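To keep things clear, I will list the structure first and then write my remarks on it.
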Amino acid sequence: MVRQKMLRHPVPGNLGKLLKNQRVIDVTRRAKYVLIQLDDGHLIIHLGMTGNLRVINKPPAPQKHDHIDICFEDNMVLRYTDPRRFGCVLHTKRDPNLHKLLKSLGPEPLSEDFTPERLHQLSRKRKVAVKNFIMNGAVVVGVGNIYASESLFRAGILPHKQAGRVSLQKYTALHGHIKAVLREAIKAGGTTLRDYTNADGFAGYFSQELDAYGRKGEPCNRCDGVIKMKVIGQRSSFYCTGCQR
DNA sequence: ATCGCCTCCTGCGCGC
DNA sequence: TGCGCGCAGGAGGCGA
C-alpha cells in the first residue's frame with residue numbers, strides 16, 4: 001500500500017501489481033541502496049537521511065511519515081518510513097547493478113577494489129575539492145559528509161585542497177582512514193545527530209567519537225588549535241588548520 | 001568530462 | 001513561552 005509516492009524519485013504506480021504474490025529471495029546492498037531480490041525483479045530502496053524500514057507483525061495504524069506498507073501473507077508488514085522523503089523505493093526487472101542509479105557507482109570502500117592508486121589516478125587534473133572528490137559516488141561509495149570530514153582530519157588533509165594536488169602518499173593515508181572511520185562507525189552503530197536510530201530503535205554512538213564534524217570553535221583533539229568550519233560544495237566541512245594542510 | 005549550484009523535505013535549534 | 005526563520009543532509013539533475 002503506497003500512501004505517499006513522491007519520494008526522492010516517484011514510487012512506481014504499479015508497485016502493488018509488481019509485488020503481488022512475489023517471494024523475497026535475498027536481501028543485499030550496494031552503496032546505500034538496499035536490494036531486495038524477488039521471484040521476478042528487485043526492489044531498490046534508499047533510506048536517504050531519515051528513512052527506515054521495519055518488519056512489523058500486525059502493525060499499528062500508519063503515522064504521518066509511514067509512506068509504504070508491503071504486506072506479507074502472515075500479517076507481517078515491511079513498513080517504509082521517511083519524514084524527509086529523501087529516500088526512494090523503486091523496482092527493476094533487470095540486474096539492479098545495471099539500473100541508472102547504480103551503474104556508475106565506484107567500489108565499496110571496504111572492498112579490495114578501493115585502493116590508494118584509484119584515488120590518486122582518478123584525481124589527476126581534477127580541480128574539485130578533495131572532500132567533494134571522496135564524496136563522489138563514482139569515485140568511492142559510502143563516504144557521506146560526516147565521514148569525509150573525519151577521514152580528512154585523520155589524514156591531515158585540508159578538505160578544500162584540490163583533489164589533483166594531493167599526493168599518492170597522502171591518498172594512501174586517506175584511503176586507510178576512510179576504511180578505519182567507516183569500520184569504527186559501523187561498529188558503534190552509526191552516527192546519531194538528531195533522530196537517527198538503528199533497526200532496533202537505538203541511537204548510534206559514533207557521534208561521541210567525532211574529532212572534527214560539528215565541533216566548530218571547539219579545541220582540536222590533536223593540537224592546540226581550534227576546529228574551523230567552511231561550506232564546501234554546499235556542505236559544512238570541519239577541519240583544523242594546525243593538523244591539516 | 002568536469003564542476004558548481006540548485007533542489008527535494010521536515011524537524012529542530014536558535015533568536016527575538 | 002511562543003513563534004518564525006534558517007539550517008541540515010544524499011545525491012540526481014542541470015547549465016556552463
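Chains: A, B, ... in order of the C-alpha cells. Residues: from 1 per chain. Ligands: from 1, in order shown.
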
Produce a table with one row for each residue of chain C that has an atom at most 12 Å from any atom of chain A, each row naming the nearest atom pair and its distance in Å at one decimal; use only C-alpha atoms (C1' of nucleotides); arrange rows by chain and rising residue number; format as a Markdown table.
| residue | atom | partner | partner_atom | distance |
| --- | --- | --- | --- | --- |
| C:DC7 | C1' | A:Ser236 | CA | 10.4 |
| C:DA8 | C1' | A:Arg235 | CA | 8.8 |
| C:DG9 | C1' | A:Met49 | CA | 6.5 |
| C:DG10 | C1' | A:Gly48 | CA | 6.0 |
| C:DA11 | C1' | A:Gly137 | CA | 8.8 |
| C:DG12 | C1' | A:Leu101 | CA | 8.7 |

Chain A contacts on chain B, only C-alpha atoms (C1' of nucleotides), 9 Å, as a VMD selection string: chain B and resid 2 to 5 8 to 12

Could you save those same residues with C-alpha atoms (C1' of nucleotides) as an mmCIF file, in the first residue's frame?
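Below is the file that was written, out_9.cif:
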data_model
loop_
_atom_site.group_PDB
_atom_site.id
_atom_site.type_symbol
_atom_site.label_atom_id
_atom_site.label_comp_id
_atom_site.auth_asym_id
_atom_site.auth_seq_id
_atom_site.Cartn_x
_atom_site.Cartn_y
_atom_site.Cartn_z
ATOM 1 C "C1'" DT B 2 34.024 18.201 -15.125
ATOM 2 C "C1'" DC B 3 32.284 21.347 -11.917
ATOM 3 C "C1'" DG B 4 29.330 24.350 -9.259
ATOM 4 C "C1'" DC B 5 24.941 25.086 -7.949
ATOM 5 C "C1'" DC B 8 13.790 17.929 -2.830
ATOM 6 C "C1'" DC B 9 11.618 17.792 2.593
ATOM 7 C "C1'" DT B 10 10.771 18.128 7.539
ATOM 8 C "C1'" DG B 11 12.233 18.704 12.275
ATOM 9 C "C1'" DC B 12 14.904 21.027 15.181
#

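The gap separating CA of Leu105 in chain A from CA of Leu152 in chain A is 21.5 Å, in Å to one decimal.
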
Report as a PDB file with C-alpha atoms, in the first residue's frame all protein, DNA and RNA residues lying within 12 Å of Val34 in chain A, evaluated on only C-alpha atoms (C1' of nucleotides), omitting residues in the same chain fewer than 2 positions from it.
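around35.pdb written:
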ATOM      1  CA  ASP A  26      17.516 -12.396  -0.993  1.00  0.00           C
ATOM      2  CA  VAL A  27      18.406  -9.045   0.545  1.00  0.00           C
ATOM      3  CA  THR A  28      21.714  -7.408  -0.322  1.00  0.00           C
ATOM      4  CA  ARG A  29      23.206  -3.940  -0.503  1.00  0.00           C
ATOM      5  CA  ARG A  30      25.094  -1.781  -2.985  1.00  0.00           C
ATOM      6  CA  ALA A  31      26.394   1.582  -1.770  1.00  0.00           C
ATOM      7  CA  LYS A  32      23.494   2.947   0.278  1.00  0.00           C
ATOM      8  CA  ILE A  36      15.556  -6.947  -2.301  1.00  0.00           C
ATOM      9  CA  GLN A  37      15.526  -9.796  -4.783  1.00  0.00           C
ATOM     10  CA  HIS A  42      14.347  -6.413  -7.492  1.00  0.00           C
ATOM     11  CA  LEU A  43      13.258  -3.649  -5.202  1.00  0.00           C
ATOM     12  CA  ILE A  44      15.823  -0.843  -4.987  1.00  0.00           C
ATOM     13  CA  ILE A  45      15.405   1.067  -1.740  1.00  0.00           C
ATOM     14  CA  HIS A  46      17.311   4.080  -0.402  1.00  0.00           C
ATOM     15  CA  LEU A  47      16.711   5.445   3.076  1.00  0.00           C
ATOM     16  CA  GLY A  48      18.020   8.919   2.341  1.00  0.00           C
ATOM     17  CA  GLY A  51      14.337   6.754   6.261  1.00  0.00           C
ATOM     18  CA  ASN A  52      13.860   3.428   7.936  1.00  0.00           C
ATOM     19  CA  LEU A  53      12.478   0.025   7.083  1.00  0.00           C
ATOM     20  CA  GLY A  87      14.889   8.115   0.013  1.00  0.00           C
ATOM     21  CA  CYS A  88      13.269   6.052  -2.730  1.00  0.00           C
ATOM     22  CA  VAL A  89      11.526   2.747  -3.409  1.00  0.00           C
ATOM     23  CA  LEU A  90      11.987   1.569  -6.974  1.00  0.00           C
ATOM     24  CA  HIS A  91      11.579  -1.671  -8.892  1.00  0.00           C
ATOM     25  CA  PRO A  96      19.870  -3.910 -10.389  1.00  0.00           C
ATOM     26  CA  ASN A  97      23.545  -3.127 -10.914  1.00  0.00           C
ATOM     27  CA  LEU A 102      23.678   2.070  -9.696  1.00  0.00           C
TER      28      LEU A 102
END

Gap from CA of Glu218 in chain A to CA of Tyr239 in chain A - Å, one decimal: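 Taking CA of Glu218 in chain A as the start and CA of Tyr239 in chain A as the end point, the length is 10.8 Å.
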
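Around DC14 in chain B, within 12 Å and counting only C-alpha atoms (C1' of nucleotides), the residues found are DC3, DG4, DC5, DG6 and DC7 of chain C, once anything fewer than 6 positions away on its own chain is removed.
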
Length of the CA of Arg54 in chain A to CA of Thr81 in chain A vector [Å]: 8.3 Å

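Near Phe72 in chain A, within 9 Å and counting only C-alpha atoms (C1' of nucleotides), sit Asn21, Arg23, Asn75, Met76, Val77 and Leu78 of chain A; same-chain residues fewer than 3 positions away were not included.
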
Write the residues of the selection above to a file with C-alpha atoms, as a JSON list (two decimals), in the first residue's frame.
[["chain", "number", "residue", "atom", "x", "y", "z"],
["A", 21, "ASN", "CA", 2.47, -13.00, -4.91],
["A", 23, "ARG", "CA", 8.54, -14.02, -2.55],
["A", 75, "ASN", "CA", 0.32, -10.49, 8.92],
["A", 76, "MET", "CA", 3.91, -9.28, 8.69],
["A", 77, "VAL", "CA", 4.41, -5.89, 7.12],
["A", 78, "LEU", "CA", 7.57, -4.29, 5.77]]
